Each structure stands twice: as structure tokens, then as C-alpha cells.
Amino acid sequence: MNLTERDSQYLWHPYTQHKTSKPPIAIVKGEGALLWDENNKEYIDAIASWWVNPYGHSNKFIADAIYKQLTTLEHVLFGGFTHEPAVVLAEKLIEIVPKNQQKIFFSDNGSTAVEVAIKVALQYFFNKGEKKTTIIAFENAFHGDTFAAMAASGISFYTQAFQGMFIDVVRIPVPIKGQEQASFDALAAAIKNNNCAGFIFEPLVQGAAGMVMYEPQSLDELIRICQKNNVLTIADEVMTGFGKTGKTFATDYLDENPDMMCLSKALTGGTIPMAITTFTQEIFDAFYDEDINKALFHGHTFTANPTGCAAALASLELLQSSEMQDNLTRINKSHLGFQKHIESHPKVTTTRVLGVIFALEIKTESSESYYGTLRNKLYDFFIENGVILRPVGNIVYILPPYIMTDEQLQKVYEVVEKALEIG
């Protein structure tokens with residue numbers, strides 16, 4: 001049996017209806033922006049394997065850092081202990097996160113980073129003797145699949161089996177162009193009519209919603225409304241963090257600072273699962289007390305795993321290198337050129353670009369479901385042509401590794417343009 005056949009015996013894949021889905025593709029090797037399957041077919045990984053791998057597959061610089069750490073200290077519990085990689089990583093991150101962030105909490109993945117933030121928002125007010133039990137989130141948000149993260153998410157088919165089991169969440173419109181005031185008004189009304197502890201948002205780009213983009217000025221205003229009303233703000237930078245938007249963090253475009261940030265995905269360069277939630281000193285101080293019950297009783301077995309910290313430190317060094325910063329500029333310029341070329345195509349409704357993120361919406365006669373027929377046809381077409389892209393309904397997006405060559409980018413653009421004839 002080949003790998004795919006052996007897989008089908010025991011494995012259960014994410015976001016997959018196994019009865020109707022095609023068998024998974026068995027990948028045996030990766031290098032740079034390329035992957036190879038068990039039949040030696042080559043694929044361009046144009047979404048950085050779910051946005052985690054900006055520095056390329058089998059990156060030797062990160063691999064060497066991981067190997068060195070593994071031969072020194074692979075893991076130690078973080079309850080009652082600490083270690084150099086965690087301390088150095090915290091020091092490095094504090095230098096680059098928004099200036100009001102002063103404390104760092106480790107967890108395992110994007111969902112758990114959000115879970116920690118929501119729990120902290122709720123317990124912050126509990127510790128102060130205030131009853132605030134509601135979270136505010138955007139419509140069509142996606143924050144993860146653990147329970148609080150899922151509650152804050154607004155894409156219904158991810159959550160419908162669990163309705164009635166969630167914490168209280170109020171949804172407001174995303175402040176896209178022309179809808180800004182409606183979003184501001186909805187936030188103010190939500191705060192007035194509910195005991196709101198926090199407002200969680202994907203800054204500037206809603207990834208799973210189809211790379212929906214909105215302006216920094218609008219988010220600044222939403223944060224200011226929360227600040228005036230003692231509502232904590234949570235920036236979910238799991239997708240947008242570490243260069244995706246052209247800056248280190250999407251919040252770097254803002255004048256206002258969030259109270260918390262959630263980081264994961266590209267944190268370790270696509271190597272080892274790790275996540276971080278950052279906090280202001282004021283939030284930490286609400287848990288700093290003689291009363292043990294005011295502590296944050298949350299943790300993970302692999303919290304602050306030294307090997308993961310070493311991978312993250314190597315990834316940060318790569319991100320801050322002049323070569324990688326030049327790559328961010330190069331890919332953005334290339335995206336803008338493709339946008340100019342494709343935006344007038346009769347099958348294209350809209351296009352949008354921010355940093356290394358490109359998205360276009362295909363014109364359809366009727367609404368297209370998230371995993372509908374068009375999406376599946378597009379996905380299959382991309383795979384047949386050696387490009388890994390995962391459309392969201394009728395929206396095709398590109399979010400490549402930063403090391404992708406111009407030639408590889410051009411092939412991705414050409415395949416996307418050919419795919420428009422499917423719609």
C-alpha cells in the first residue's frame with residue numbers, strides 16, 4: 001500500500017468529510033516553497049501550509065537552531081521552572097510587540113492563545129469584583145476551534161453543532177469601506193446593552209472569511225470606544241503576525257494599542273507548535289495577589305517548550321534580516337502588479353492586497369458556499385496544476401512563503417488566471 005492508502009486505515013483529517021472528500025495527497029519532501037508527493041509530483045506551496053511557513057520548508061537555519069537546542073535541553077516543565085530560550089524569546093518579543101505589552105504567556109497553538117486571552121478578559125473583571133461575562137467579536141470572525149475561541153468565531157458551519165453551549169458573544173459588523181459607522185454604532189450599542197469584558201478582532205484582515213480587509217483608522221476608533229468604556233481589547237494576530245501584512249504585526253499600522261495579543265502560526269517558522277498571548281502590566285497586576293484564587297490557573301504540558309523557543313528565536317532573526325524584509329517588499333510589489341493586471345478581468349468582482357496577502361473574488365450568479373462546488377473545482381484545478389491554494393467559497397487568495405521566487409509567483413498567478421475560466 002502507498003502512504004495515502006495506509007492513511008485511510010486509521011487517520012481522521014481536519015475540516016474533512018471523509019465520505020465525500022478525495023484521498024489526501026501524501027507529501028514526502030519539502031524545500032523552499034516547494035513540496036513533493038509520493039509520486040514525485042511537485043507543488044508550489046502558495047499558502048505557506050496554512051500560513052505557518054514563511055521562511056520555506058526544510059529551512060536549515062531554523063533546523064540547526066532546533067538541533068542545537070535538542071542536544072542541550074529538549075523540554076522542561078514550565079510550572080516552577082524557567083530556562084534561557086524562554087527568557088530570551090520574551091525579551092526579543094517585548095522589543096517588537098506594541099509598547100504597552102509587558103507580559104508573555106506561552107501555550108500550544110492559535111486557538112489556545114485565544115482561549116487564554118478570553119479567559120483572562122473574563123477573570124480580570126472577576127478578580128476586580130465586577131461581573132462582565134460577554135465578549136464582542138466581528139461577524140464572520142474565525143479565532144480557532146477550542147470552545148471559547150469557537151464561541152468568538154462567527155462562521156456558522158464551524159460552530160452550529162455546539163450552539164447553546166458557548167459563552168455569551170455579541171457580533172458587530174466588520175468596518176469595511178462604507179460600513180464603518182454601522183460598526184462603530186454596533187460596538188457602542190453592544191457595550192451599552194451587555195456586560196462586556198472584551199472585544200476580540202483579527203486586525204485589518206479576516207483570514208478564514210476570505211481575506212476581508214478594513215482600514216487601520218476604523219480599528220483605532222473601535223479600540224478607542226472600548227477604552228472609554230473599560231472593555232479590554234484582544235488583537236488576534238495568529239494569522240497576520242510576523243510580516244504577513246507588510247509590517248511585523250498588523251497592529252503596527254495602528255495609533256492605539258490592544259490590551260492583549262495572540263500569536264502563533266509563523267512564530268516558529270512552521271516547525272514546532274507554539275503560541276503566545278501577551279498582556280499589559282495592568283492586566284497582569286489584576287492577577288498578582290496574596291489570594292491564590294486570583295492566579296491564572298491555565299497551562300499546557302509543553303508550555304514554553306525550549307526547542308520551540310529556539311525555533312521561534314531563529315524565525316525572528318530571519319524575519320528581521322534585510323533579505324527577508326526585501327522579500328516582503330518584493331512580493332507585495334509583485335502582488336500589486338498582478339492586481340493591476342487581473343482586476344479588470346470580466347470574471348473578477350474585487351481584488352485586494354495587503355503585504356504578502358493577495359485575494360480576488362470570482363463573479364458568480366448565485367451565492368457560493370464555503371466548501372461548495374465552485375470552491376472544490378478551483379481547488380482540484382490548482383492541485384492538478386501543481387499549486388497549493390485553498391479557496392474560500394468564490395474567493396481565491398495567495399499568501400506565499402517569503403522566500404518564494406519571482407518565477408514561482410508568476411506560475412501561481414498564471415494558474416489563478418486560468419482558473420477564472422472555471423467560474
# chains A, B, ... in the order shown; residues from 1 in each chain; ligands from 1

$ residues_around --residues "Ala148 in chain A" --least-positions-apart "3" --cutoff "8 Å" --atoms "only C-alpha atoms" --output "PyMOL selection string"
chain A and resi 114-115+118+151-152+166-167

$ closest_atom_pairs --of "range 337-401 of chain A" --to "range 213-232 of chain A" --cutoff "12 Å" --atoms "only C-alpha atoms" --output "JSON lines"
{"residue": "A:Thr350", "atom": "CA", "partner": "A:Met213", "partner_atom": "CA", "distance": 11.7}
{"residue": "A:Thr351", "atom": "CA", "partner": "A:Met213", "partner_atom": "CA", "distance": 10.5}
{"residue": "A:Arg352", "atom": "CA", "partner": "A:Met213", "partner_atom": "CA", "distance": 7.7}
{"residue": "A:Val353", "atom": "CA", "partner": "A:Met213", "partner_atom": "CA", "distance": 8.6}
{"residue": "A:Leu354", "atom": "CA", "partner": "A:Met213", "partner_atom": "CA", "distance": 8.2}
{"residue": "A:Gly355", "atom": "CA", "partner": "A:Met213", "partner_atom": "CA", "distance": 11.6}
{"residue": "A:Ile357", "atom": "CA", "partner": "A:Met213", "partner_atom": "CA", "distance": 10.2}
{"residue": "A:Phe358", "atom": "CA", "partner": "A:Met213", "partner_atom": "CA", "distance": 10.6}
{"residue": "A:Ala359", "atom": "CA", "partner": "A:Met213", "partner_atom": "CA", "distance": 9.8}
{"residue": "A:Leu360", "atom": "CA", "partner": "A:Met213", "partner_atom": "CA", "distance": 11.7}

$ write_last_selection --atoms "C-alpha atoms" --output "tab-separated table (two decimals), in the first residue's frame"
chain	number	residue	atom	x	y	z
A	350	THR	CA	-12.96	42.59	-6.44
A	351	THR	CA	-9.28	42.30	-5.63
A	352	ARG	CA	-7.36	43.29	-2.51
A	353	VAL	CA	-3.72	43.34	-1.41
A	354	LEU	CA	-2.03	43.94	1.93
A	355	GLY	CA	1.61	42.98	2.43
A	357	ILE	CA	-1.63	38.76	1.05
A	358	PHE	CA	-3.49	38.81	-2.27
A	359	ALA	CA	-7.18	37.98	-2.71
A	360	LEU	CA	-9.68	38.12	-5.54

$ residues_around --residues "Lys22 in chain A" --least-positions-apart "3" --cutoff "12 Å" --atoms "only C-alpha atoms" --output "compact mmCIF listing (two decimals) with all heavy atoms, in the first residue's frame"
# COMPACT_ATOMS: atom_id res chain seq x y z
N THR A 4 -1.03 7.10 1.02
CA THR A 4 -2.43 7.53 1.04
C THR A 4 -3.35 6.39 1.46
O THR A 4 -4.28 6.60 2.26
CB THR A 4 -2.83 8.06 -0.34
OG1 THR A 4 -2.00 9.19 -0.67
CG2 THR A 4 -4.29 8.50 -0.35
N GLU A 5 -3.10 5.19 0.97
CA GLU A 5 -3.92 4.04 1.34
C GLU A 5 -3.73 3.68 2.81
O GLU A 5 -4.70 3.35 3.51
CB GLU A 5 -3.56 2.85 0.44
CG GLU A 5 -4.00 3.03 -1.01
CD GLU A 5 -3.36 2.01 -1.94
OE1 GLU A 5 -2.29 1.45 -1.59
OE2 GLU A 5 -3.92 1.79 -3.03
N SER A 8 -5.66 6.06 5.08
CA SER A 8 -7.12 5.88 5.15
C SER A 8 -7.54 4.84 6.19
O SER A 8 -8.69 4.81 6.61
CB SER A 8 -7.66 5.49 3.78
OG SER A 8 -7.20 4.20 3.41
N HIS A 13 -8.77 13.41 9.34
CA HIS A 13 -8.16 14.68 8.97
C HIS A 13 -9.04 15.87 9.36
O HIS A 13 -10.26 15.74 9.46
CB HIS A 13 -7.88 14.71 7.46
CG HIS A 13 -6.73 13.84 7.06
ND1 HIS A 13 -5.48 14.33 6.79
CD2 HIS A 13 -6.64 12.50 6.90
CE1 HIS A 13 -4.67 13.34 6.48
NE2 HIS A 13 -5.35 12.21 6.54
N THR A 16 -12.60 17.83 7.22
CA THR A 16 -12.75 16.86 6.14
C THR A 16 -13.99 15.99 6.34
O THR A 16 -14.16 15.40 7.41
CB THR A 16 -11.51 15.95 6.05
OG1 THR A 16 -10.35 16.74 5.79
CG2 THR A 16 -11.66 14.92 4.95
N GLN A 17 -14.84 15.93 5.33
CA GLN A 17 -15.92 14.94 5.30
C GLN A 17 -15.37 13.74 4.51
O GLN A 17 -15.33 13.74 3.29
CB GLN A 17 -17.16 15.52 4.64
CG GLN A 17 -18.31 14.53 4.43
CD GLN A 17 -18.61 13.71 5.66
OE1 GLN A 17 -18.11 12.59 5.80
NE2 GLN A 17 -19.42 14.26 6.56
N HIS A 18 -14.94 12.74 5.24
CA HIS A 18 -14.21 11.64 4.62
C HIS A 18 -15.04 10.84 3.61
O HIS A 18 -14.48 10.23 2.70
CB HIS A 18 -13.63 10.72 5.69
CG HIS A 18 -12.38 11.25 6.32
ND1 HIS A 18 -11.13 10.94 5.87
CD2 HIS A 18 -12.20 12.12 7.35
CE1 HIS A 18 -10.22 11.57 6.59
NE2 HIS A 18 -10.84 12.29 7.50
N LYS A 19 -16.35 10.87 3.77
CA LYS A 19 -17.18 10.09 2.85
C LYS A 19 -17.19 10.69 1.45
O LYS A 19 -17.30 9.96 0.45
CB LYS A 19 -18.61 9.98 3.37
CG LYS A 19 -19.48 9.04 2.56
CD LYS A 19 -20.78 8.70 3.24
CE LYS A 19 -21.56 7.65 2.45
NZ LYS A 19 -22.79 7.23 3.14
N ILE A 25 -3.29 13.99 -0.28
CA ILE A 25 -2.06 13.86 -1.05
C ILE A 25 -0.92 13.59 -0.07
O ILE A 25 -0.75 14.30 0.92
CB ILE A 25 -1.78 15.15 -1.84
CG1 ILE A 25 -2.91 15.38 -2.85
CG2 ILE A 25 -0.44 15.10 -2.54
CD1 ILE A 25 -2.95 16.78 -3.42
N ASN A 376 -14.56 23.61 -4.75
CA ASN A 376 -13.94 22.30 -4.96
C ASN A 376 -13.33 22.17 -6.35
O ASN A 376 -12.25 21.59 -6.53
CB ASN A 376 -14.95 21.19 -4.71
CG ASN A 376 -15.37 21.12 -3.25
OD1 ASN A 376 -14.64 21.55 -2.36
ND2 ASN A 376 -16.55 20.57 -3.00
N TYR A 379 -10.10 24.22 -6.27
CA TYR A 379 -9.07 23.52 -5.51
C TYR A 379 -8.46 22.39 -6.34
O TYR A 379 -7.23 22.26 -6.43
CB TYR A 379 -9.66 22.98 -4.21
CG TYR A 379 -8.68 22.15 -3.40
CD1 TYR A 379 -7.70 22.76 -2.63
CD2 TYR A 379 -8.73 20.76 -3.42
CE1 TYR A 379 -6.79 22.01 -1.90
CE2 TYR A 379 -7.84 19.99 -2.70
CZ TYR A 379 -6.87 20.63 -1.93
OH TYR A 379 -5.97 19.88 -1.21
N ASP A 380 -9.31 21.60 -6.96
CA ASP A 380 -8.83 20.49 -7.78
C ASP A 380 -7.99 20.99 -8.96
O ASP A 380 -6.97 20.39 -9.31
CB ASP A 380 -10.01 19.66 -8.31
CG ASP A 380 -10.71 18.88 -7.22
OD1 ASP A 380 -10.12 18.71 -6.13
OD2 ASP A 380 -11.86 18.44 -7.44
N ILE A 383 -4.53 21.99 -7.68
CA ILE A 383 -3.72 20.80 -7.38
C ILE A 383 -3.23 20.13 -8.66
O ILE A 383 -2.05 19.75 -8.78
CB ILE A 383 -4.53 19.81 -6.52
CG1 ILE A 383 -4.76 20.38 -5.10
CG2 ILE A 383 -3.82 18.46 -6.43
CD1 ILE A 383 -3.51 20.63 -4.30

$ select_by_dssp --residues "range 254-293 of chain A" --states "alpha helix (DSSP H)" --output "PDB file with all heavy atoms, in the first residue's frame"
ATOM      1  N   GLN A 281       0.833  45.347  31.640  1.00  0.00           N
ATOM      2  CA  GLN A 281       1.164  45.194  33.057  1.00  0.00           C
ATOM      3  C   GLN A 281      -0.095  45.309  33.917  1.00  0.00           C
ATOM      4  O   GLN A 281      -0.245  44.605  34.921  1.00  0.00           O
ATOM      5  CB  GLN A 281       2.187  46.258  33.474  1.00  0.00           C
ATOM      6  CG  GLN A 281       2.686  46.105  34.901  1.00  0.00           C
ATOM      7  CD  GLN A 281       3.542  44.870  35.082  1.00  0.00           C
ATOM      8  OE1 GLN A 281       4.363  44.537  34.214  1.00  0.00           O
ATOM      9  NE2 GLN A 281       3.366  44.162  36.195  1.00  0.00           N
ATOM     10  N   GLU A 282      -1.005  46.180  33.512  1.00  0.00           N
ATOM     11  CA  GLU A 282      -2.241  46.377  34.272  1.00  0.00           C
ATOM     12  C   GLU A 282      -3.056  45.089  34.356  1.00  0.00           C
ATOM     13  O   GLU A 282      -3.614  44.757  35.400  1.00  0.00           O
ATOM     14  CB  GLU A 282      -3.083  47.484  33.634  1.00  0.00           C
ATOM     15  CG  GLU A 282      -4.390  47.762  34.371  1.00  0.00           C
ATOM     16  CD  GLU A 282      -5.246  48.800  33.672  1.00  0.00           C
ATOM     17  OE1 GLU A 282      -4.816  49.370  32.656  1.00  0.00           O
ATOM     18  OE2 GLU A 282      -6.386  49.032  34.162  1.00  0.00           O
ATOM     19  N   ILE A 283      -3.123  44.361  33.262  1.00  0.00           N
ATOM     20  CA  ILE A 283      -3.856  43.097  33.286  1.00  0.00           C
ATOM     21  C   ILE A 283      -3.148  42.105  34.208  1.00  0.00           C
ATOM     22  O   ILE A 283      -3.782  41.455  35.050  1.00  0.00           O
ATOM     23  CB  ILE A 283      -3.995  42.527  31.868  1.00  0.00           C
ATOM     24  CG1 ILE A 283      -4.971  43.392  31.051  1.00  0.00           C
ATOM     25  CG2 ILE A 283      -4.488  41.079  31.913  1.00  0.00           C
ATOM     26  CD1 ILE A 283      -5.096  42.984  29.607  1.00  0.00           C
ATOM     27  N   PHE A 284      -1.836  41.973  34.071  1.00  0.00           N
ATOM     28  CA  PHE A 284      -1.092  41.063  34.938  1.00  0.00           C
ATOM     29  C   PHE A 284      -1.303  41.409  36.409  1.00  0.00           C
ATOM     30  O   PHE A 284      -1.475  40.516  37.256  1.00  0.00           O
ATOM     31  CB  PHE A 284       0.396  41.119  34.591  1.00  0.00           C
ATOM     32  CG  PHE A 284       1.263  40.272  35.483  1.00  0.00           C
ATOM     33  CD1 PHE A 284       1.395  38.904  35.251  1.00  0.00           C
ATOM     34  CD2 PHE A 284       1.949  40.833  36.554  1.00  0.00           C
ATOM     35  CE1 PHE A 284       2.197  38.120  36.071  1.00  0.00           C
ATOM     36  CE2 PHE A 284       2.745  40.057  37.383  1.00  0.00           C
ATOM     37  CZ  PHE A 284       2.878  38.691  37.138  1.00  0.00           C
ATOM     38  N   ASP A 285      -1.312  42.689  36.728  1.00  0.00           N
ATOM     39  CA  ASP A 285      -1.434  43.125  38.127  1.00  0.00           C
ATOM     40  C   ASP A 285      -2.772  42.721  38.745  1.00  0.00           C
ATOM     41  O   ASP A 285      -2.866  42.564  39.969  1.00  0.00           O
ATOM     42  CB  ASP A 285      -1.250  44.638  38.229  1.00  0.00           C
ATOM     43  CG  ASP A 285       0.196  45.067  37.995  1.00  0.00           C
ATOM     44  OD1 ASP A 285       1.084  44.187  38.040  1.00  0.00           O
ATOM     45  OD2 ASP A 285       0.430  46.267  37.744  1.00  0.00           O
TER      46      ASP A 285
END

$ closest_residue --among "A:Phe147, A:Phe162, A:Phe106, A:Gly243" --to "Ser321 in chain A" --atoms "only C-alpha atoms"
A:Gly243

$ residues_around --residues "Trp51 in chain A" --least-positions-apart "2" --cutoff "7 Å" --atoms "only C-alpha atoms" --output "list in words"
Ile47, Ala48, Ser49, Asn53, Met239, Lys265, Ala266 and Leu399 of chain A

$ write_last_selection --atoms "N, CA, C and O atoms" --output "compact mmCIF listing (two decimals), in the first residue's frame"
# COMPACT_ATOMS: atom_id res chain seq x y z
N ILE A 47 0.29 28.94 -0.02
CA ILE A 47 -0.35 29.45 1.20
C ILE A 47 0.50 29.15 2.43
O ILE A 47 0.01 29.21 3.56
N ALA A 48 1.79 28.86 2.19
CA ALA A 48 2.73 28.62 3.29
C ALA A 48 2.18 27.61 4.30
O ALA A 48 2.33 27.78 5.51
N SER A 49 1.53 26.56 3.76
CA SER A 49 0.97 25.49 4.59
C SER A 49 0.13 26.02 5.76
O SER A 49 0.45 25.82 6.93
N ASN A 53 4.53 28.93 7.39
CA ASN A 53 5.87 28.60 6.93
C ASN A 53 6.47 29.70 6.05
O ASN A 53 6.68 29.50 4.85
N MET A 239 -2.87 34.86 12.44
CA MET A 239 -2.62 34.84 11.00
C MET A 239 -1.76 36.03 10.56
O MET A 239 -0.82 35.88 9.79
N LYS A 265 1.12 30.40 14.60
CA LYS A 265 1.41 30.12 13.20
C LYS A 265 2.88 30.36 12.84
O LYS A 265 3.71 29.51 13.09
N ALA A 266 3.23 31.52 12.27
CA ALA A 266 4.59 31.74 11.79
C ALA A 266 5.61 31.94 12.91
O ALA A 266 6.80 32.09 12.64
N LEU A 399 -1.02 33.54 -0.19
CA LEU A 399 -0.25 34.01 0.97
C LEU A 399 1.03 33.18 1.02
O LEU A 399 1.13 32.22 1.77

$ select_by_dssp --residues "range 202-298 of chain A" --states "strand (DSSP E or B)" --output "ChimeraX atom specification"
/A:205-206,212-213,232-236,260-263,275-280

$ residues_around --residues "Arg6 in chain A" --least-positions-apart "5" --cutoff "12 Å" --atoms "only C-alpha atoms" --output "compact mmCIF listing (two decimals) with all heavy atoms, in the first residue's frame"
# COMPACT_ATOMS: atom_id res chain seq x y z
N MET A 1 0.84 -1.21 0.00
CA MET A 1 0.00 0.00 0.00
C MET A 1 0.87 1.25 0.00
O MET A 1 1.92 1.27 0.64
CB MET A 1 -0.90 0.02 1.24
CG MET A 1 -2.02 -1.01 1.22
SD MET A 1 -3.23 -0.71 2.53
CE MET A 1 -2.22 -1.06 3.96
N LEU A 11 -6.43 7.32 10.00
CA LEU A 11 -6.32 8.76 10.26
C LEU A 11 -7.61 9.52 9.96
O LEU A 11 -8.32 9.24 9.00
CB LEU A 11 -5.17 9.35 9.45
CG LEU A 11 -3.79 8.84 9.88
CD1 LEU A 11 -2.70 9.46 9.03
CD2 LEU A 11 -3.53 9.14 11.36
N PRO A 23 -9.04 11.35 -1.44
CA PRO A 23 -7.96 10.97 -0.52
C PRO A 23 -6.92 12.08 -0.41
O PRO A 23 -6.70 12.84 -1.36
CB PRO A 23 -7.36 9.72 -1.19
CG PRO A 23 -8.43 9.21 -2.09
CD PRO A 23 -9.18 10.41 -2.57
N PRO A 24 -6.27 12.18 0.72
CA PRO A 24 -5.25 13.22 0.88
C PRO A 24 -4.03 12.94 0.01
O PRO A 24 -3.78 11.80 -0.38
CB PRO A 24 -4.89 13.13 2.37
CG PRO A 24 -5.18 11.71 2.74
CD PRO A 24 -6.39 11.34 1.93
N ILE A 25 -3.29 13.99 -0.28
CA ILE A 25 -2.06 13.86 -1.05
C ILE A 25 -0.92 13.59 -0.07
O ILE A 25 -0.75 14.30 0.92
CB ILE A 25 -1.78 15.15 -1.84
CG1 ILE A 25 -2.91 15.38 -2.85
CG2 ILE A 25 -0.44 15.10 -2.54
CD1 ILE A 25 -2.95 16.78 -3.42
N ALA A 26 -0.16 12.56 -0.33
CA ALA A 26 0.93 12.17 0.57
C ALA A 26 2.20 12.94 0.20
O ALA A 26 2.79 12.73 -0.86
CB ALA A 26 1.18 10.67 0.49
